[in-house]
>>> print(open('input_35.cif').read())   # mmCIF, C-alpha atoms
data_query
loop_
_atom_site.label_atom_id
_atom_site.label_comp_id
_atom_site.auth_asym_id
_atom_site.auth_seq_id
_atom_site.Cartn_x
_atom_site.Cartn_y
_atom_site.Cartn_z
CA MET F 1 -22.67 10.11 -14.79
CA THR F 2 -19.81 7.85 -15.97
CA ALA F 3 -17.51 7.02 -13.08
CA VAL F 4 -14.59 4.87 -11.95
CA LEU F 5 -14.91 2.52 -8.98
CA ALA F 6 -11.79 2.40 -6.78
CA ILE F 7 -11.25 -0.22 -4.07
CA ASP F 8 -8.64 -0.46 -1.29
CA ILE F 9 -8.62 -3.79 0.58
CA GLY F 10 -6.49 -3.83 3.73
CA GLY F 11 -5.93 -6.15 6.64
CA THR F 12 -8.02 -4.13 9.09
CA LYS F 13 -10.32 -2.07 6.86
CA PHE F 14 -11.45 -1.72 3.30
CA SER F 15 -12.58 1.35 1.37
CA LEU F 16 -14.43 2.09 -1.84
CA ALA F 17 -14.63 5.36 -3.74
CA ALA F 18 -16.38 6.61 -6.86
CA PHE F 19 -14.54 9.11 -9.06
CA ASP F 20 -15.92 11.48 -11.65
CA GLY F 21 -12.74 12.36 -13.49
CA SER F 22 -10.25 13.00 -10.69
CA THR F 23 -12.94 14.13 -8.24
CA MET F 24 -14.00 11.71 -5.53
CA VAL F 25 -17.79 11.88 -5.37
CA HIS F 26 -18.46 8.98 -2.96
CA ARG F 27 -16.39 7.22 -0.33
CA HIS F 28 -17.18 4.31 1.99
CA SER F 29 -14.95 2.60 4.56
CA GLU F 30 -15.52 -0.09 7.16
CA PRO F 31 -13.58 -2.73 9.12
CA THR F 32 -12.52 -5.87 7.26
CA ALA F 33 -14.65 -8.67 8.70
CA GLY F 34 -13.63 -11.66 6.58
CA GLY F 35 -12.09 -13.08 3.44
CA PRO F 36 -13.48 -13.20 -0.10
CA ASP F 37 -16.71 -14.98 0.85
CA TRP F 38 -17.60 -11.92 2.91
CA MET F 39 -15.70 -9.22 1.01
CA VAL F 40 -16.95 -9.77 -2.55
CA PRO F 41 -20.69 -9.57 -1.68
CA ARG F 42 -20.02 -6.52 0.51
CA ILE F 43 -18.24 -4.72 -2.33
CA ILE F 44 -21.09 -5.57 -4.69
CA GLU F 45 -23.62 -4.25 -2.17
CA VAL F 46 -21.91 -0.86 -1.77
CA ALA F 47 -21.18 -0.48 -5.48
CA SER F 48 -24.78 -1.38 -6.37
CA ASP F 49 -26.08 1.40 -4.12
CA TRP F 50 -23.91 3.90 -5.99
CA GLN F 51 -24.93 2.52 -9.37
CA ARG F 52 -28.39 3.95 -8.83
CA GLU F 53 -26.93 7.34 -9.75
CA LEU F 54 -23.61 6.45 -11.39
CA SER F 55 -22.59 4.39 -14.39
CA PHE F 56 -19.23 2.75 -13.68
CA ASP F 57 -17.15 1.98 -16.75
CA ARG F 58 -14.10 0.46 -15.01
CA CYS F 59 -12.73 -0.53 -11.62
CA GLY F 60 -9.28 -0.50 -10.01
CA ILE F 61 -8.26 -2.39 -6.86
CA GLY F 62 -5.35 -2.19 -4.44
CA PHE F 63 -5.08 -5.39 -2.39
CA GLY F 64 -3.17 -5.64 0.90
CA GLY F 65 -1.01 -8.61 0.01
CA PRO F 66 0.96 -10.12 -2.88
CA VAL F 67 -0.85 -10.11 -6.23
CA ASN F 68 -0.05 -12.05 -9.40
CA PHE F 69 -0.50 -9.16 -11.80
CA PRO F 70 -0.56 -11.11 -15.09
CA THR F 71 -3.28 -13.50 -13.85
CA GLN F 72 -5.05 -10.90 -11.65
CA GLN F 73 -5.14 -13.31 -8.72
CA VAL F 74 -4.48 -12.62 -5.06
CA ILE F 75 -1.50 -14.77 -4.09
CA PHE F 76 -2.39 -14.75 -0.40
CA SER F 77 -2.95 -12.51 2.61
CA THR F 78 -0.89 -12.88 5.77
CA HIS F 79 -3.55 -11.03 7.76
CA VAL F 80 -6.92 -12.42 6.60
CA ALA F 81 -7.66 -16.08 5.81
CA GLY F 82 -9.27 -17.36 2.62
CA TRP F 83 -7.47 -15.36 -0.06
CA LEU F 84 -4.97 -17.99 -1.28
CA ASP F 85 -4.87 -17.86 -5.11
CA PHE F 86 -8.25 -16.12 -5.20
CA PRO F 87 -9.21 -14.63 -8.63
CA LEU F 88 -10.51 -11.37 -7.20
CA ALA F 89 -10.43 -9.21 -10.33
CA PRO F 90 -12.10 -11.81 -12.60
CA SER F 91 -14.74 -12.45 -9.92
CA LEU F 92 -15.62 -8.78 -9.57
CA GLN F 93 -15.53 -8.32 -13.34
CA ARG F 94 -18.22 -10.98 -13.69
CA GLU F 95 -20.32 -9.54 -10.87
CA LEU F 96 -20.00 -5.87 -11.84
CA GLY F 97 -20.02 -6.33 -15.60
CA LEU F 98 -17.09 -3.97 -16.24
CA PRO F 99 -13.32 -4.14 -16.68
CA VAL F 100 -11.48 -4.65 -13.38
CA VAL F 101 -7.74 -4.47 -12.76
CA MET F 102 -5.91 -5.17 -9.48
CA ASP F 103 -2.43 -4.79 -8.03
CA ASN F 104 -0.74 -4.94 -4.66
CA ASP F 105 -1.83 -1.99 -2.51
CA ALA F 106 1.68 -0.57 -2.20
CA ASN F 107 2.09 -0.51 -5.99
CA VAL F 108 -1.30 1.18 -6.23
CA GLY F 109 -0.38 3.62 -3.47
CA ALA F 110 2.74 4.52 -5.45
CA LEU F 111 0.53 5.37 -8.42
CA GLY F 112 -1.74 7.48 -6.24
CA GLU F 113 1.04 9.52 -4.68
CA GLY F 114 3.03 9.60 -7.92
CA PHE F 115 0.19 11.06 -10.00
CA HIS F 116 -1.87 12.97 -7.41
CA GLY F 117 0.14 13.37 -4.20
CA ALA F 118 3.56 13.85 -2.63
CA GLY F 119 5.41 12.00 -5.38
CA VAL F 120 4.38 14.13 -8.35
CA GLY F 121 7.48 14.90 -10.43
CA MET F 122 9.71 12.56 -8.40
CA ASN F 123 11.51 9.92 -10.47
CA PRO F 124 12.19 7.26 -9.35
CA LEU F 125 9.64 7.21 -6.55
CA PHE F 126 9.43 4.66 -3.75
CA TYR F 127 6.18 4.39 -1.82
CA MET F 128 5.96 2.43 1.41
CA THR F 129 2.80 1.59 3.30
CA LEU F 130 3.43 1.45 7.04
CA SER F 131 0.27 0.13 8.59
CA THR F 132 -1.03 -3.31 9.63
CA GLY F 133 1.79 -4.64 7.46
CA ILE F 134 4.59 -3.12 5.38
CA GLY F 135 4.74 -3.05 1.59
CA GLY F 136 6.58 -1.12 -1.07
CA GLY F 137 5.92 0.16 -4.56
CA ILE F 138 8.47 1.35 -7.11
CA LEU F 139 7.52 3.91 -9.75
CA VAL F 140 9.94 4.68 -12.61
CA ASN F 141 8.93 7.06 -15.39
CA GLY F 142 5.36 6.81 -14.14
CA GLU F 143 5.22 3.01 -14.41
CA VAL F 144 5.16 0.42 -11.64
CA VAL F 145 8.22 -1.85 -11.50
CA ARG F 146 6.71 -5.23 -10.59
CA GLY F 147 9.68 -7.48 -11.26
CA ALA F 148 9.70 -10.82 -13.07
CA ASP F 149 7.04 -12.45 -10.87
CA SER F 150 5.05 -9.52 -9.40
CA TYR F 151 7.14 -9.43 -6.20
CA GLY F 152 9.06 -6.22 -6.88
CA GLY F 153 9.04 -3.81 -3.94
CA GLU F 154 8.28 -6.36 -1.19
CA ILE F 155 10.42 -4.47 1.30
CA GLY F 156 8.43 -5.74 4.27
CA HIS F 157 10.15 -9.09 4.12
CA LEU F 158 13.73 -7.95 3.99
CA THR F 159 15.54 -9.39 7.00
CA ILE F 160 16.76 -6.50 9.15
CA ARG F 161 17.32 -8.43 12.39
CA PRO F 162 18.82 -11.87 11.64
CA GLY F 163 17.65 -14.29 14.31
CA GLY F 164 14.92 -11.90 15.39
CA PRO F 165 11.32 -12.79 16.23
CA GLU F 166 9.27 -14.92 13.86
CA CYS F 167 7.25 -13.12 11.19
CA LEU F 168 3.87 -14.22 9.84
CA CYS F 169 5.68 -15.13 6.62
CA GLY F 170 7.55 -17.88 8.50
CA TRP F 171 10.97 -16.24 8.61
CA TYR F 172 12.65 -14.22 11.37
CA GLY F 173 13.50 -10.57 11.88
CA CYS F 174 11.65 -9.23 8.84
CA PHE F 175 11.20 -5.48 8.43
CA GLU F 176 7.44 -5.99 8.74
CA ARG F 177 7.85 -8.08 11.89
CA MET F 178 9.91 -5.37 13.56
CA CYS F 179 8.02 -2.26 12.44
CA CYS F 180 4.42 -2.83 11.34
CA GLY F 181 1.36 -1.83 13.35
CA LEU F 182 0.16 -5.38 13.94
CA TRP F 183 3.35 -6.42 15.71
CA LEU F 184 3.90 -3.13 17.49
CA GLU F 185 0.59 -3.62 19.29
CA ARG F 186 1.23 -7.31 20.00
CA ASP F 187 4.75 -6.67 21.29
CA HIS F 188 4.07 -3.53 23.32
CA GLY F 189 0.41 -3.82 24.29
CA LYS F 190 -0.56 -0.46 22.80
CA PRO F 191 -1.71 0.59 19.33
CA ALA F 192 0.88 2.26 17.15
CA ARG F 193 -0.82 5.65 17.35
CA GLU F 194 -0.25 5.67 21.13
CA LEU F 195 3.33 4.41 20.86
CA MET F 196 4.15 7.21 18.41
CA GLN F 197 3.27 9.74 21.14
CA ASP F 198 6.28 8.58 23.20
CA PRO F 199 9.54 10.22 22.01
CA GLU F 200 11.68 7.60 23.74
CA PHE F 201 9.86 4.77 22.01
CA VAL F 202 10.07 6.54 18.65
CA SER F 203 13.84 7.04 19.06
CA ARG F 204 14.21 3.26 19.40
CA TYR F 205 11.68 2.45 16.70
CA VAL F 206 13.33 4.56 13.97
CA VAL F 207 16.54 2.53 14.28
CA ASP F 208 14.80 -0.48 12.74
CA LEU F 209 12.74 1.67 10.40
CA ALA F 210 15.90 3.27 9.04
CA LEU F 211 17.55 -0.12 8.51
CA GLY F 212 14.82 -1.14 6.10
CA LEU F 213 14.75 2.20 4.31
CA LYS F 214 18.53 2.27 4.01
CA ALA F 215 18.29 -0.85 1.83
CA CYS F 216 15.80 0.98 -0.39
CA ILE F 217 17.93 4.12 -0.62
CA MET F 218 21.18 2.33 -1.41
CA LEU F 219 19.61 -0.09 -3.91
CA LEU F 220 17.20 2.22 -5.76
CA ASN F 221 18.45 5.77 -5.03
CA PRO F 222 14.89 7.12 -5.25
CA ALA F 223 14.28 10.83 -5.71
CA ARG F 224 11.78 10.59 -2.86
CA ILE F 225 10.35 8.04 -0.44
CA VAL F 226 6.69 8.59 0.41
CA ILE F 227 5.35 6.75 3.44
CA GLY F 228 1.63 6.13 3.76
CA GLY F 229 -0.52 4.07 6.10
CA GLY F 230 -1.71 4.70 9.62
CA ILE F 231 1.69 5.00 11.31
CA SER F 232 2.74 7.77 8.91
CA LYS F 233 0.06 9.97 10.48
CA ALA F 234 2.41 10.54 13.41
CA GLY F 235 3.90 13.31 11.26
CA ASP F 236 6.98 15.15 12.51
CA ARG F 237 7.07 13.08 15.71
CA LEU F 238 8.12 10.20 13.46
CA PHE F 239 9.67 11.80 10.39
CA GLU F 240 12.14 14.14 12.07
CA PRO F 241 13.88 11.41 14.11
CA LEU F 242 13.64 9.04 11.14
CA ARG F 243 15.45 11.47 8.85
CA ALA F 244 18.10 12.05 11.51
CA GLU F 245 18.64 8.30 11.90
CA LEU F 246 18.90 7.87 8.13
CA ARG F 247 21.50 10.61 7.91
CA ARG F 248 23.46 8.82 10.63
CA THR F 249 23.07 5.42 8.98
CA ILE F 250 23.54 6.07 5.26
CA THR F 251 27.05 5.28 4.01
CA TRP F 252 29.20 8.37 4.60
CA TRP F 253 30.39 8.80 1.01
CA SER F 254 26.92 8.40 -0.46
CA ARG F 255 25.21 11.49 -1.75
CA ALA F 256 21.96 9.59 -2.17
CA ARG F 257 18.97 11.72 -1.29
CA ILE F 258 17.31 11.37 2.08
CA ASP F 259 13.96 12.78 1.02
CA VAL F 260 11.37 10.95 3.12
CA VAL F 261 7.91 12.45 3.51
CA PRO F 262 4.41 11.37 4.59
CA ALA F 263 1.77 10.63 2.00
CA MET F 264 -0.09 13.75 0.92
CA LEU F 265 -3.32 11.85 0.23
CA GLY F 266 -3.52 10.27 3.69
CA ASP F 267 -5.96 7.36 3.76
CA ASP F 268 -6.78 7.89 0.09
CA SER F 269 -3.42 7.12 -1.55
CA VAL F 270 -4.52 3.68 -2.67
CA LEU F 271 -7.95 4.88 -3.81
CA TYR F 272 -6.38 7.54 -6.04
CA GLY F 273 -3.90 4.93 -7.24
CA ALA F 274 -6.76 2.56 -8.08
CA LEU F 275 -8.20 5.39 -10.17
CA VAL F 276 -4.90 5.71 -12.06
CA LEU F 277 -4.66 1.93 -12.51
CA ALA F 278 -8.23 1.74 -13.81
CA ASN F 279 -7.68 4.64 -16.19
CA GLN F 280 -4.79 2.74 -17.75
CA LEU F 281 -7.47 0.41 -19.13
CA THR F 282 -8.94 1.69 -22.39
CA THR F 283 -11.17 -1.31 -23.08
CA ALA F 284 -11.81 -4.69 -21.49
CA SER F 285 -9.48 -6.24 -24.06
CA THR F 286 -6.51 -4.42 -22.47
CA LEU F 287 -6.85 -6.36 -19.23
CA PRO F 288 -3.66 -8.28 -18.34
#
>>> encode(input="input_35.cif", output="structure tokens")
Amino acid sequence: MTAVLAIDIGGTKFSLAAFDGSTMVHRHSEPTAGGPDWMVPRIIEVASDWQRELSFDRCGIGFGGPVNFPTQQVIFSTHVAGWLDFPLAPSLQRELGLPVVMDNDANVGALGEGFHGAGVGMNPLFYMTLSTGIGGGILVNGEVVRGADSYGGEIGHLTIRPGGPECLCGWYGCFERMCCGLWLERDHGKPARELMQDPEFVSRYVVDLALGLKACIMLLNPARIVIGGGISKAGDRLFEPLRAELRRTITWWSRARIDVVPAMLGDDSVLYGALVLANQLTTASTLP
């Protein structure tokens, strides 16, 4: 069976999937336990087990940090050490013997939801991952908008609270610093999934969340914002107060849409997006 290998590398866990067409036939997930010295052999190990019954002809990767798309290098990870300027796609291409293409996980999540999930038919689409960190992906006419230097969509490092607490990026009051799962647990002593059970906490939390999304709405005017990642699993407990806060916050004369929904594909948005990304490769010579 010819198949596509899809990989989602996050700050707290990583996942692999094998697709036959658009059908996921295998899936594996486990906690992230290290940088590339640990991750690359682990990916090879899992993929090799599947290759006993499958013949992979390409691979797509969503990486949880900035990616230099033209060179296919990880720029760095703020959550796991060892990734600085690491050539992940070329390394896996050598090891696996097949074409490999990689992008930032939020860009890949946008492809997943845009082609297979809650963003189908929505143009432009903005996808935000709200998990260990915060990232954004912009999809226009079915194509990722990466910007001049592969930094398009990095909404997590907009400053929403000038003079606020220090972010892992080195600046202060970033959207990610105020709203991501890593800092919610450090600041409040409870994991985000527990904090989202408390309506009073959520009513305070959505004020900062809406500040970041307001910038997206007013700048891009997306047809829809899809939010994925672990915190989005709070469902209506989060999304109803968030939509109310956005309606209160958005400039009164603006008729920009406030269409904000959770990811339809749940934990698999990036895996389906990696499938789309890989399928954009026709031969190894089309690699960036």
>>> closest_residue(input="input_35.cif", among="F:Asn141, F:Ile217, F:Ser232, F:Cys59", to="F:Ser254", atoms="all atoms listed in the file")
F:Ile217
>>> resolve_selection(input="input_35.cif", expression="the PyMOL selection byres ((chain F and resi 91) around 12)", output="list of chain:residue names")
F:Pro36, F:Asp37, F:Met39, F:Val40, F:Pro41, F:Ile43, F:Ile44, F:Gln72, F:Gln73, F:Val74, F:Phe86, F:Pro87, F:Leu88, F:Ala89, F:Pro90, F:Leu92, F:Gln93, F:Arg94, F:Glu95, F:Leu96, F:Gly97, F:Leu98, F:Pro99, F:Val100, F:Val101, F:Met102
>>> resolve_selection(input="input_35.cif", expression="the PyMOL selection byres ((chain F and resi 198-207) around 7)", output="list in words")
Leu195, Met196, Gln197, Asp208, Leu209, Ala210, Leu211, Leu238, Pro241, Leu242 and Glu245 of chain F
>>> residues_around(input="input_35.cif", residues="F:Glu53", least_positions_apart="4", cutoff="12 Å", atoms="all atoms listed in the file", output="list in words")
Met1, Thr2, Ala3, Ala18, Asp20, Val25, His26, Ala47, Ser48 and Asp49 of chain F
>>> residues_near_point(input="input_35.cif", point="(-12.6, 10.1, -5.5)", cutoff="10 Å", atoms="only C-alpha atoms", output="short mmCIF file (atom, residue, chain, number, x, y, z; two decimals) with C-alpha atoms, in the coordinates of the input")
data_model
loop_
_atom_site.label_atom_id
_atom_site.label_comp_id
_atom_site.auth_asym_id
_atom_site.auth_seq_id
_atom_site.Cartn_x
_atom_site.Cartn_y
_atom_site.Cartn_z
CA ALA F 3 -17.51 7.02 -13.08
CA VAL F 4 -14.59 4.87 -11.95
CA LEU F 5 -14.91 2.52 -8.98
CA ALA F 6 -11.79 2.40 -6.78
CA LEU F 16 -14.43 2.09 -1.84
CA ALA F 17 -14.63 5.36 -3.74
CA ALA F 18 -16.38 6.61 -6.86
CA PHE F 19 -14.54 9.11 -9.06
CA ASP F 20 -15.92 11.48 -11.65
CA GLY F 21 -12.74 12.36 -13.49
CA SER F 22 -10.25 13.00 -10.69
CA THR F 23 -12.94 14.13 -8.24
CA MET F 24 -14.00 11.71 -5.53
CA VAL F 25 -17.79 11.88 -5.37
CA HIS F 26 -18.46 8.98 -2.96
CA ARG F 27 -16.39 7.22 -0.33
CA ASP F 268 -6.78 7.89 0.09
CA LEU F 271 -7.95 4.88 -3.81
CA TYR F 272 -6.38 7.54 -6.04
CA ALA F 274 -6.76 2.56 -8.08
CA LEU F 275 -8.20 5.39 -10.17
#
>>> residues_near_point(input="input_35.cif", point="(8.9, -6.2, 6.6)", cutoff="9 Å", atoms="all atoms listed in the file", output="PyMOL selection string")
chain F and resi 133-135+154-160+167+173-180+212
>>> atom_distance(input="input_35.cif", atom1="atom CA of F:Glu166", atom2="atom CA of F:Lys190")
19.6 Å
>>> resolve_selection(input="input_35.cif", expression="the PyMOL selection byres ((chain F and resi 8-11) around 8)", output="list in words")
Ala6, Ile7, Thr12, Lys13, Phe14, Ser15, Leu16, Thr32, Ile61, Gly62, Phe63, Gly64, His79, Val80, Asp105, Thr132, Gly133, Val270, Leu271 and Ala274 of chain F
>>> atom_distance(input="input_35.cif", atom1="atom CA of F:Asp149", atom2="atom CA of F:Phe115")
24.5 Å
>>> atom_distance(input="input_35.cif", atom1="atom CA of F:Ser77", atom2="atom CA of F:Gly65")
5.1 Å
>>> build_atoms(input="input_35.cif", residues="stretch 141-161 of chain F", atoms="N, CA and C atoms", output="compact mmCIF listing (two decimals), in the coordinates of the input")
# COMPACT_ATOMS: atom_id res chain seq x y z
N ASN F 141 9.53 6.44 -14.20
CA ASN F 141 8.93 7.06 -15.39
C ASN F 141 7.41 6.86 -15.42
N GLY F 142 6.81 6.92 -14.24
CA GLY F 142 5.36 6.81 -14.14
C GLY F 142 4.81 5.41 -14.23
N GLU F 143 5.67 4.39 -14.29
CA GLU F 143 5.22 3.01 -14.41
C GLU F 143 5.68 2.20 -13.20
N VAL F 144 4.83 1.28 -12.76
CA VAL F 144 5.16 0.42 -11.64
C VAL F 144 6.19 -0.62 -12.08
N VAL F 145 7.23 -0.80 -11.28
CA VAL F 145 8.22 -1.85 -11.50
C VAL F 145 7.79 -3.06 -10.66
N ARG F 146 7.26 -4.08 -11.32
CA ARG F 146 6.71 -5.23 -10.59
C ARG F 146 7.69 -6.39 -10.49
N GLY F 147 8.75 -6.36 -11.27
CA GLY F 147 9.68 -7.48 -11.26
C GLY F 147 9.19 -8.62 -12.13
N ALA F 148 9.99 -9.70 -12.18
CA ALA F 148 9.70 -10.82 -13.07
C ALA F 148 8.45 -11.57 -12.66
N ASP F 149 8.13 -11.60 -11.37
CA ASP F 149 7.04 -12.45 -10.87
C ASP F 149 6.07 -11.68 -9.97
N SER F 150 5.97 -10.38 -10.14
CA SER F 150 5.05 -9.52 -9.40
C SER F 150 5.46 -9.31 -7.95
N TYR F 151 6.70 -9.61 -7.58
CA TYR F 151 7.14 -9.43 -6.20
C TYR F 151 8.05 -8.22 -6.00
N GLY F 152 8.23 -7.41 -7.04
CA GLY F 152 9.06 -6.22 -6.88
C GLY F 152 8.53 -5.31 -5.79
N GLY F 153 9.43 -4.76 -4.98
CA GLY F 153 9.04 -3.81 -3.94
C GLY F 153 8.65 -4.41 -2.61
N GLU F 154 8.72 -5.73 -2.44
CA GLU F 154 8.28 -6.36 -1.19
C GLU F 154 9.29 -6.12 -0.06
N ILE F 155 9.43 -4.86 0.30
CA ILE F 155 10.42 -4.47 1.30
C ILE F 155 10.09 -5.00 2.69
N GLY F 156 8.83 -5.30 2.95
CA GLY F 156 8.43 -5.74 4.27
C GLY F 156 9.07 -7.04 4.71
N HIS F 157 9.57 -7.81 3.75
CA HIS F 157 10.15 -9.09 4.12
C HIS F 157 11.64 -9.17 3.83
N LEU F 158 12.27 -7.99 3.83
CA LEU F 158 13.73 -7.95 3.99
C LEU F 158 14.05 -8.33 5.44
N THR F 159 15.11 -9.08 5.64
CA THR F 159 15.54 -9.39 7.00
C THR F 159 16.41 -8.26 7.52
N ILE F 160 15.95 -7.58 8.58
CA ILE F 160 16.76 -6.50 9.15
C ILE F 160 17.34 -6.89 10.50
N ARG F 161 16.81 -7.94 11.11
CA ARG F 161 17.32 -8.43 12.39
C ARG F 161 17.49 -9.94 12.31
